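Note: the block below is run39.pdb and it holds PDB, C-alpha atoms.
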```pdb
ATOM      1  CA  MET B   1    -138.947  86.070 141.450
ATOM      2  CA  THR B   2    -137.028  87.888 144.177
ATOM      3  CA  SER B   3    -134.363  86.574 146.503
ATOM      4  CA  HIS B   4    -135.968  87.820 149.741
ATOM      5  CA  ARG B   5    -132.451  88.568 150.899
ATOM      6  CA  THR B   6    -131.690  91.513 153.037
ATOM      7  CA  ALA B   7    -129.042  94.165 152.859
ATOM      8  CA  THR B   8    -126.215  93.943 155.355
ATOM      9  CA  LEU B   9    -125.193  97.178 157.063
ATOM     10  CA  THR B  10    -121.806  97.362 158.785
ATOM     11  CA  LEU B  11    -119.677 100.155 160.229
ATOM     12  CA  PRO B  12    -116.109  99.410 159.059
ATOM     13  CA  ALA B  13    -114.677 102.681 160.431
ATOM     14  CA  ASP B  14    -115.815 105.659 162.508
ATOM     15  CA  ASP B  15    -116.592 107.584 159.318
ATOM     16  CA  GLN B  16    -118.070 104.785 157.169
ATOM     17  CA  ILE B  17    -121.290 102.878 156.557
ATOM     18  CA  LEU B  18    -121.123  99.839 154.282
ATOM     19  CA  ILE B  19    -124.195  98.264 152.731
ATOM     20  CA  THR B  20    -123.986  95.035 150.768
ATOM     21  CA  ARG B  21    -126.839  93.286 148.986
ATOM     22  CA  ASP B  22    -127.238  90.526 146.421
ATOM     23  CA  PHE B  23    -129.972  90.721 143.790
ATOM     24  CA  ASP B  24    -131.624  88.077 141.626
ATOM     25  CA  ALA B  25    -131.160  90.247 138.549
ATOM     26  CA  PRO B  26    -128.355  90.928 136.091
ATOM     27  CA  ARG B  27    -126.087  93.908 136.701
ATOM     28  CA  ARG B  28    -127.261  95.756 133.582
ATOM     29  CA  LEU B  29    -130.828  95.847 134.974
ATOM     30  CA  ILE B  30    -129.816  96.886 138.501
ATOM     31  CA  TYR B  31    -127.612  99.620 137.028
ATOM     32  CA  ARG B  32    -130.355 100.733 134.643
ATOM     33  CA  ALA B  33    -132.855 101.018 137.523
ATOM     34  CA  TRP B  34    -130.223 102.884 139.592
ATOM     35  CA  THR B  35    -129.443 105.461 136.891
ATOM     36  CA  THR B  36    -132.680 106.050 134.937
ATOM     37  CA  PRO B  37    -134.734 108.879 136.510
ATOM     38  CA  GLU B  38    -138.190 107.440 135.774
ATOM     39  CA  LEU B  39    -137.068 104.105 137.246
ATOM     40  CA  VAL B  40    -135.401 105.698 140.300
ATOM     41  CA  LYS B  41    -138.814 107.175 141.165
ATOM     42  CA  ARG B  42    -140.190 103.641 141.466
ATOM     43  CA  TRP B  43    -137.752 102.281 144.084
ATOM     44  CA  TRP B  44    -135.729 104.990 145.835
ATOM     45  CA  CYS B  45    -138.275 105.775 148.586
ATOM     46  CA  GLY B  46    -138.917 102.160 149.493
ATOM     47  CA  GLU B  47    -142.210 102.245 151.394
ATOM     48  CA  ARG B  48    -141.688 105.697 152.908
ATOM     49  CA  GLY B  49    -143.341 108.052 150.440
ATOM     50  CA  THR B  50    -143.042 109.171 146.841
ATOM     51  CA  LEU B  51    -140.103 110.559 144.935
ATOM     52  CA  ASP B  52    -141.511 113.651 143.269
ATOM     53  CA  THR B  53    -138.335 115.113 141.781
ATOM     54  CA  VAL B  54    -135.440 113.295 140.146
ATOM     55  CA  GLU B  55    -133.077 115.724 138.440
ATOM     56  CA  THR B  56    -129.859 114.186 137.142
ATOM     57  CA  ASP B  57    -127.052 115.269 134.885
ATOM     58  CA  PHE B  58    -125.479 111.811 134.858
ATOM     59  CA  ARG B  59    -121.878 112.579 133.963
ATOM     60  CA  VAL B  60    -118.720 113.244 135.941
ATOM     61  CA  GLY B  61    -119.165 116.737 137.388
ATOM     62  CA  GLY B  62    -122.920 116.601 136.794
ATOM     63  CA  LYS B  63    -125.339 117.510 139.558
ATOM     64  CA  TRP B  64    -128.303 115.551 140.889
ATOM     65  CA  ARG B  65    -131.239 116.307 143.203
ATOM     66  CA  TYR B  66    -134.034 114.110 144.613
ATOM     67  CA  VAL B  67    -137.064 115.408 146.509
ATOM     68  CA  MET B  68    -139.420 112.994 148.211
ATOM     69  CA  THR B  69    -142.685 113.528 149.985
ATOM     70  CA  ALA B  70    -142.585 111.268 153.017
ATOM     71  CA  ASP B  71    -145.686 109.479 154.224
ATOM     72  CA  GLY B  72    -146.069 112.094 156.967
ATOM     73  CA  GLY B  73    -146.573 114.750 154.273
ATOM     74  CA  PHE B  74    -143.220 116.513 154.698
ATOM     75  CA  GLU B  75    -140.564 116.969 152.034
ATOM     76  CA  VAL B  76    -137.062 115.540 152.259
ATOM     77  CA  ALA B  77    -134.451 116.563 149.703
ATOM     78  CA  PHE B  78    -130.944 115.459 148.808
ATOM     79  CA  HIS B  79    -128.467 116.695 146.220
ATOM     80  CA  GLY B  80    -124.896 116.185 145.131
ATOM     81  CA  GLU B  81    -122.422 115.761 142.315
ATOM     82  CA  TYR B  82    -121.182 112.762 140.370
ATOM     83  CA  ARG B  83    -117.425 112.269 140.811
ATOM     84  CA  GLU B  84    -116.818 109.023 138.953
ATOM     85  CA  ILE B  85    -118.864 106.862 136.582
ATOM     86  CA  ALA B  86    -117.761 103.524 135.142
ATOM     87  CA  PRO B  87    -120.902 102.278 133.346
ATOM     88  CA  GLU B  88    -122.445  99.190 134.944
ATOM     89  CA  GLU B  89    -119.496  98.917 137.351
ATOM     90  CA  ARG B  90    -118.989 101.875 139.683
ATOM     91  CA  ILE B  91    -120.479 105.254 140.598
ATOM     92  CA  VAL B  92    -119.025 107.749 143.079
ATOM     93  CA  TRP B  93    -121.108 110.754 144.125
ATOM     94  CA  THR B  94    -121.557 113.252 146.923
ATOM     95  CA  GLU B  95    -124.793 113.446 148.896
ATOM     96  CA  VAL B  96    -126.075 116.387 150.921
ATOM     97  CA  PHE B  97    -129.188 116.093 153.079
ATOM     98  CA  GLU B  98    -130.947 119.433 152.603
ATOM     99  CA  GLY B  99    -132.404 120.573 155.893
ATOM    100  CA  ALA B 100    -130.263 118.246 158.003
ATOM    101  CA  PRO B 101    -131.375 118.709 161.624
ATOM    102  CA  GLY B 102    -129.296 121.261 163.486
ATOM    103  CA  MET B 103    -127.238 122.261 160.430
ATOM    104  CA  THR B 104    -127.149 125.358 158.283
ATOM    105  CA  PRO B 105    -127.045 124.741 154.517
ATOM    106  CA  GLU B 106    -123.317 125.519 154.639
ATOM    107  CA  GLU B 107    -122.747 122.958 157.399
ATOM    108  CA  ALA B 108    -124.763 120.369 155.480
ATOM    109  CA  GLU B 109    -122.546 120.931 152.421
ATOM    110  CA  LYS B 110    -119.424 120.614 154.591
ATOM    111  CA  ASN B 111    -120.753 117.323 156.003
ATOM    112  CA  ALA B 112    -121.642 115.850 152.609
ATOM    113  CA  ALA B 113    -121.311 112.104 152.321
ATOM    114  CA  VAL B 114    -119.255 110.516 149.565
ATOM    115  CA  ASN B 115    -120.936 107.365 148.274
ATOM    116  CA  THR B 116    -119.288 104.644 146.215
ATOM    117  CA  ALA B 117    -121.477 101.985 144.602
ATOM    118  CA  VAL B 118    -119.823  98.957 143.011
ATOM    119  CA  PHE B 119    -121.910  96.546 140.938
ATOM    120  CA  THR B 120    -120.571  93.049 140.178
ATOM    121  CA  GLU B 121    -122.265  90.137 138.466
ATOM    122  CA  ARG B 122    -121.882  86.404 138.748
ATOM    123  CA  ASP B 123    -124.158  83.845 137.122
ATOM    124  CA  GLY B 124    -126.814  86.458 136.335
ATOM    125  CA  ARG B 125    -126.940  87.782 139.922
ATOM    126  CA  THR B 126    -125.714  91.199 140.998
ATOM    127  CA  SER B 127    -123.835  92.086 144.157
ATOM    128  CA  LEU B 128    -123.950  95.689 145.304
ATOM    129  CA  TRP B 129    -121.261  97.132 147.566
ATOM    130  CA  LEU B 130    -122.264 100.641 148.725
ATOM    131  CA  LEU B 131    -119.849 102.584 150.917
ATOM    132  CA  THR B 132    -120.869 105.883 152.499
ATOM    133  CA  GLU B 133    -118.033 107.998 153.879
ATOM    134  CA  VAL B 134    -118.768 110.992 156.112
ATOM    135  CA  PRO B 135    -116.596 113.514 157.985
ATOM    136  CA  ASP B 136    -116.738 111.826 161.389
ATOM    137  CA  ARG B 137    -118.432 109.400 163.758
ATOM    138  CA  THR B 138    -121.030 111.963 164.879
ATOM    139  CA  VAL B 139    -122.358 112.356 161.325
ATOM    140  CA  ARG B 140    -122.172 108.593 160.727
ATOM    141  CA  ASP B 141    -124.115 107.834 163.911
ATOM    142  CA  ALA B 142    -126.758 110.476 163.116
ATOM    143  CA  ILE B 143    -127.350 108.827 159.729
ATOM    144  CA  VAL B 144    -127.579 105.340 161.224
ATOM    145  CA  GLN B 145    -129.908 106.522 164.005
ATOM    146  CA  SER B 146    -132.229 108.221 161.484
ATOM    147  CA  GLY B 147    -133.858 104.905 160.614
ATOM    148  CA  MET B 148    -131.613 104.454 157.622
ATOM    149  CA  GLU B 149    -131.324 100.678 157.880
ATOM    150  CA  THR B 150    -135.077 100.048 157.651
ATOM    151  CA  GLY B 151    -135.294 102.444 154.718
ATOM    152  CA  VAL B 152    -132.385 100.741 152.964
ATOM    153  CA  GLN B 153    -134.019  97.320 153.369
ATOM    154  CA  GLU B 154    -137.240  98.630 151.793
ATOM    155  CA  GLN B 155    -135.328 100.453 149.080
ATOM    156  CA  MET B 156    -133.223  97.441 148.083
ATOM    157  CA  ALA B 157    -136.259  95.126 148.011
ATOM    158  CA  ALA B 158    -138.061  97.598 145.732
ATOM    159  CA  LEU B 159    -134.965  97.900 143.519
ATOM    160  CA  GLU B 160    -134.785  94.129 143.092
ATOM    161  CA  LYS B 161    -138.492  93.844 142.319
ATOM    162  CA  LEU B 162    -138.230  96.591 139.703
ATOM    163  CA  ALA B 163    -135.059  95.184 138.106
ATOM    164  CA  THR B 164    -136.528  91.696 137.792
ATOM    165  CA  SER B 165    -139.657  93.185 136.193
ATOM    166  CA  LEU B 166    -137.454  94.834 133.550
ATOM    167  CA  ALA B 167    -136.203  91.420 132.438
ATOM    168  CA  GLY B 168    -139.702  90.328 131.382
TER     169      GLY B 168
END
```

Please, can you express the file's structure as structure tokens?
Amino acid sequence: MTSHRTATLTLPADDQILITRDFDAPRRLIYRAWTTPELVKRWWCGERGTLDTVETDFRVGGKWRYVMTADGGFEVAFHGEYREIAPEERIVWTEVFEGAPGMTPEEAEKNAAVNTAVFTERDGRTSLWLLTEVPDRTVRDAIVQSGMETGVQEQMAALEKLATSLAG
């Protein structure tokens, strides 16, 4: 059973995007789906394609890279580094959009987002607080205008469906 809730996207500051979402699943299952490569492949793309590559060295200082094939047949890739990990509670990582429009690879690295995910549980339900911090309003607005919100809604629905299936 899923909650059919939606993620809430707000812009608390010129350089921030905040996503919040409640899930009808315990925190340990949401966290497991978030951090296990073979499970990430099942929800991360939402309904927008397939995640072909999930490379993670899940430790502080470890690198990660995801490559998806979007429904239009083109590849989209992201990479970064884990900065903080508190199991089942908090993850902080950088995120670079490889091939960001109008940016050289060096500029994309300079404009990397810093993401903080906080997972809390109450009565068997999980609340996710996901803050994305970027260098400035221009980068923030480009991310928001990319169709991010629709993708996040699909992604979070798929994450909840997967996590609840893990409980069975």

Please write as a PyMOL selection string the full residue list that the PyMOL selection byres ((chain B and resi 77-89) around 6) yields on this file.
chain B and resi 31+60-67+76+90-98+118-119

Of B:Thr120, B:Ala13, B:Ala70, B:Ala25, the one sitting nearest Trp44 (chain B) when using all atoms listed in the file is B:Ala70

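Between CA of Pro105 (chain B) and CA of Ile17 (chain B) there is a distance of 22.7 Å.
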
May I ask for the distance between CA of Gln155 (chain B) and CA of Gly72 (chain B), given in Å to one decimal place?
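Going from CA of Gln155 (chain B) over to CA of Gly72 (chain B) covers 17.7 Å.
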
Just say which residues the PyMOL selection byres ((chain B and resi 112) around 7) picks in this file, as a PyMOL selection string.
chain B and resi 94-96+108-111+113-114+134

Expected selection from the PyMOL selection byres ((chain B and resi 12) around 12), given as a PyMOL selection string
chain B and resi 9-11+13-19+131-133+137+140

Which of these residues is nearest to Leu128 (chain B), using all atoms listed in the file: B:Thr6, B:Ser165, B:Thr150, B:Thr53?
B:Thr6

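What separates CA of Phe58 (chain B) from CA of Ala142 (chain B) is a distance of 28.3 Å.
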
With only C-alpha atoms as the atoms that count, which of B:Glu75, B:Arg125, B:Ala167, B:Val139 lies nearest to Gly102 (chain B)?
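Of B:Glu75, B:Arg125, B:Ala167, B:Val139, the one nearest Gly102 (chain B), counting only C-alpha atoms, is B:Val139.
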
Centre, x/y/z edge lengths, axis-aligned box for region 88-101 of chain B with 5 Å per side, as AutoDock Vina command-line options:
```
--center_x -125.7 --center_y 109.7 --center_z 148.3 --size_x 23.4 --size_y 31.7 --size_z 36.7
```

Determine, counting only C-alpha atoms, every residue of protein, DNA or RNA that lies within 12 Å of (-138.0, 91.7, 132.1) in the file coordinates, then give the result as a ChimeraX atom specification.
/B:1,25-26,28-30,33,160-168

Cut-off 10 Å around (-141.4, 104.8, 141.5) with all atoms listed in the file: residues as a ChimeraX atom specification:
/B:37-46,49-52,158-159,162

Identify which of the residues B:Glu55, B:Asp22, B:Arg48, B:Met103 lies closest to Met148 (chain B), counting only C-alpha atoms when measuring atom-to-atom distances.
B:Arg48

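In this comparison, which uses all atoms listed in the file, the residue of B:Glu107, B:Pro101, B:Ala157, B:Thr116 approaching Pro135 (chain B) most closely is B:Glu107.
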
Please, can region 128-152 of chain B be completed to N, CA and C atoms and returned as an mmCIF file, in the coordinates of the input?
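File produced: selection12.cif:
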```
data_model
loop_
_atom_site.group_PDB
_atom_site.id
_atom_site.type_symbol
_atom_site.label_atom_id
_atom_site.label_comp_id
_atom_site.auth_asym_id
_atom_site.auth_seq_id
_atom_site.Cartn_x
_atom_site.Cartn_y
_atom_site.Cartn_z
ATOM 1 N N LEU B 128 -124.157 94.258 145.119
ATOM 2 C CA LEU B 128 -123.950 95.689 145.304
ATOM 3 C C LEU B 128 -123.125 95.896 146.561
ATOM 4 N N TRP B 129 -122.101 96.708 146.445
ATOM 5 C CA TRP B 129 -121.261 97.132 147.566
ATOM 6 C C TRP B 129 -121.393 98.647 147.596
ATOM 7 N N LEU B 130 -121.995 99.203 148.635
ATOM 8 C CA LEU B 130 -122.264 100.641 148.725
ATOM 9 C C LEU B 130 -121.627 101.195 149.986
ATOM 10 N N LEU B 131 -120.576 101.983 149.798
ATOM 11 C CA LEU B 131 -119.849 102.584 150.917
ATOM 12 C C LEU B 131 -120.193 104.056 151.022
ATOM 13 N N THR B 132 -120.615 104.472 152.206
ATOM 14 C CA THR B 132 -120.869 105.883 152.499
ATOM 15 C C THR B 132 -119.781 106.356 153.447
ATOM 16 N N GLU B 133 -119.084 107.413 153.046
ATOM 17 C CA GLU B 133 -118.033 107.998 153.879
ATOM 18 C C GLU B 133 -118.449 109.409 154.276
ATOM 19 N N VAL B 134 -118.353 109.706 155.556
ATOM 20 C CA VAL B 134 -118.768 110.992 156.112
ATOM 21 C C VAL B 134 -117.607 111.596 156.905
ATOM 22 N N PRO B 135 -117.720 112.865 157.313
ATOM 23 C CA PRO B 135 -116.596 113.514 157.985
ATOM 24 C C PRO B 135 -116.157 112.874 159.311
ATOM 25 N N ASP B 136 -117.116 112.348 160.076
ATOM 26 C CA ASP B 136 -116.738 111.826 161.389
ATOM 27 C C ASP B 136 -117.812 110.902 161.953
ATOM 28 N N ARG B 137 -117.528 110.357 163.115
ATOM 29 C CA ARG B 137 -118.432 109.400 163.758
ATOM 30 C C ARG B 137 -119.780 110.027 164.122
ATOM 31 N N THR B 138 -119.780 111.292 164.504
ATOM 32 C CA THR B 138 -121.030 111.963 164.879
ATOM 33 C C THR B 138 -121.999 111.981 163.704
ATOM 34 N N VAL B 139 -121.512 112.330 162.526
ATOM 35 C CA VAL B 139 -122.358 112.356 161.325
ATOM 36 C C VAL B 139 -122.785 110.933 160.971
ATOM 37 N N ARG B 140 -121.843 109.992 161.022
ATOM 38 C CA ARG B 140 -122.172 108.593 160.727
ATOM 39 C C ARG B 140 -123.281 108.091 161.637
ATOM 40 N N ASP B 141 -123.132 108.327 162.953
ATOM 41 C CA ASP B 141 -124.115 107.834 163.911
ATOM 42 C C ASP B 141 -125.478 108.498 163.722
ATOM 43 N N ALA B 142 -125.485 109.784 163.366
ATOM 44 C CA ALA B 142 -126.758 110.476 163.116
ATOM 45 C C ALA B 142 -127.488 109.836 161.928
ATOM 46 N N ILE B 143 -126.740 109.468 160.897
ATOM 47 C CA ILE B 143 -127.350 108.827 159.729
ATOM 48 C C ILE B 143 -127.920 107.467 160.125
ATOM 49 N N VAL B 144 -127.132 106.676 160.821
ATOM 50 C CA VAL B 144 -127.579 105.340 161.224
ATOM 51 C C VAL B 144 -128.804 105.431 162.121
ATOM 52 N N GLN B 145 -128.809 106.387 163.056
ATOM 53 C CA GLN B 145 -129.908 106.522 164.005
ATOM 54 C C GLN B 145 -131.161 107.139 163.387
ATOM 55 N N SER B 146 -131.076 107.593 162.149
ATOM 56 C CA SER B 146 -132.229 108.221 161.484
ATOM 57 C C SER B 146 -133.261 107.206 160.999
ATOM 58 N N GLY B 147 -132.975 105.930 161.167
ATOM 59 C CA GLY B 147 -133.858 104.905 160.614
ATOM 60 C C GLY B 147 -133.390 104.433 159.257
ATOM 61 N N MET B 148 -132.175 104.761 158.926
ATOM 62 C CA MET B 148 -131.613 104.454 157.622
ATOM 63 C C MET B 148 -131.697 102.969 157.271
ATOM 64 N N GLU B 149 -131.391 102.097 158.214
ATOM 65 C CA GLU B 149 -131.324 100.678 157.880
ATOM 66 C C GLU B 149 -132.669 100.139 157.405
ATOM 67 N N THR B 150 -133.749 100.500 158.077
ATOM 68 C CA THR B 150 -135.077 100.048 157.651
ATOM 69 C C THR B 150 -135.386 100.585 156.259
ATOM 70 N N GLY B 151 -135.074 101.851 156.033
ATOM 71 C CA GLY B 151 -135.294 102.444 154.718
ATOM 72 C C GLY B 151 -134.488 101.757 153.632
ATOM 73 N N VAL B 152 -133.237 101.427 153.937
ATOM 74 C CA VAL B 152 -132.385 100.741 152.964
ATOM 75 C C VAL B 152 -132.951 99.367 152.629
#
```
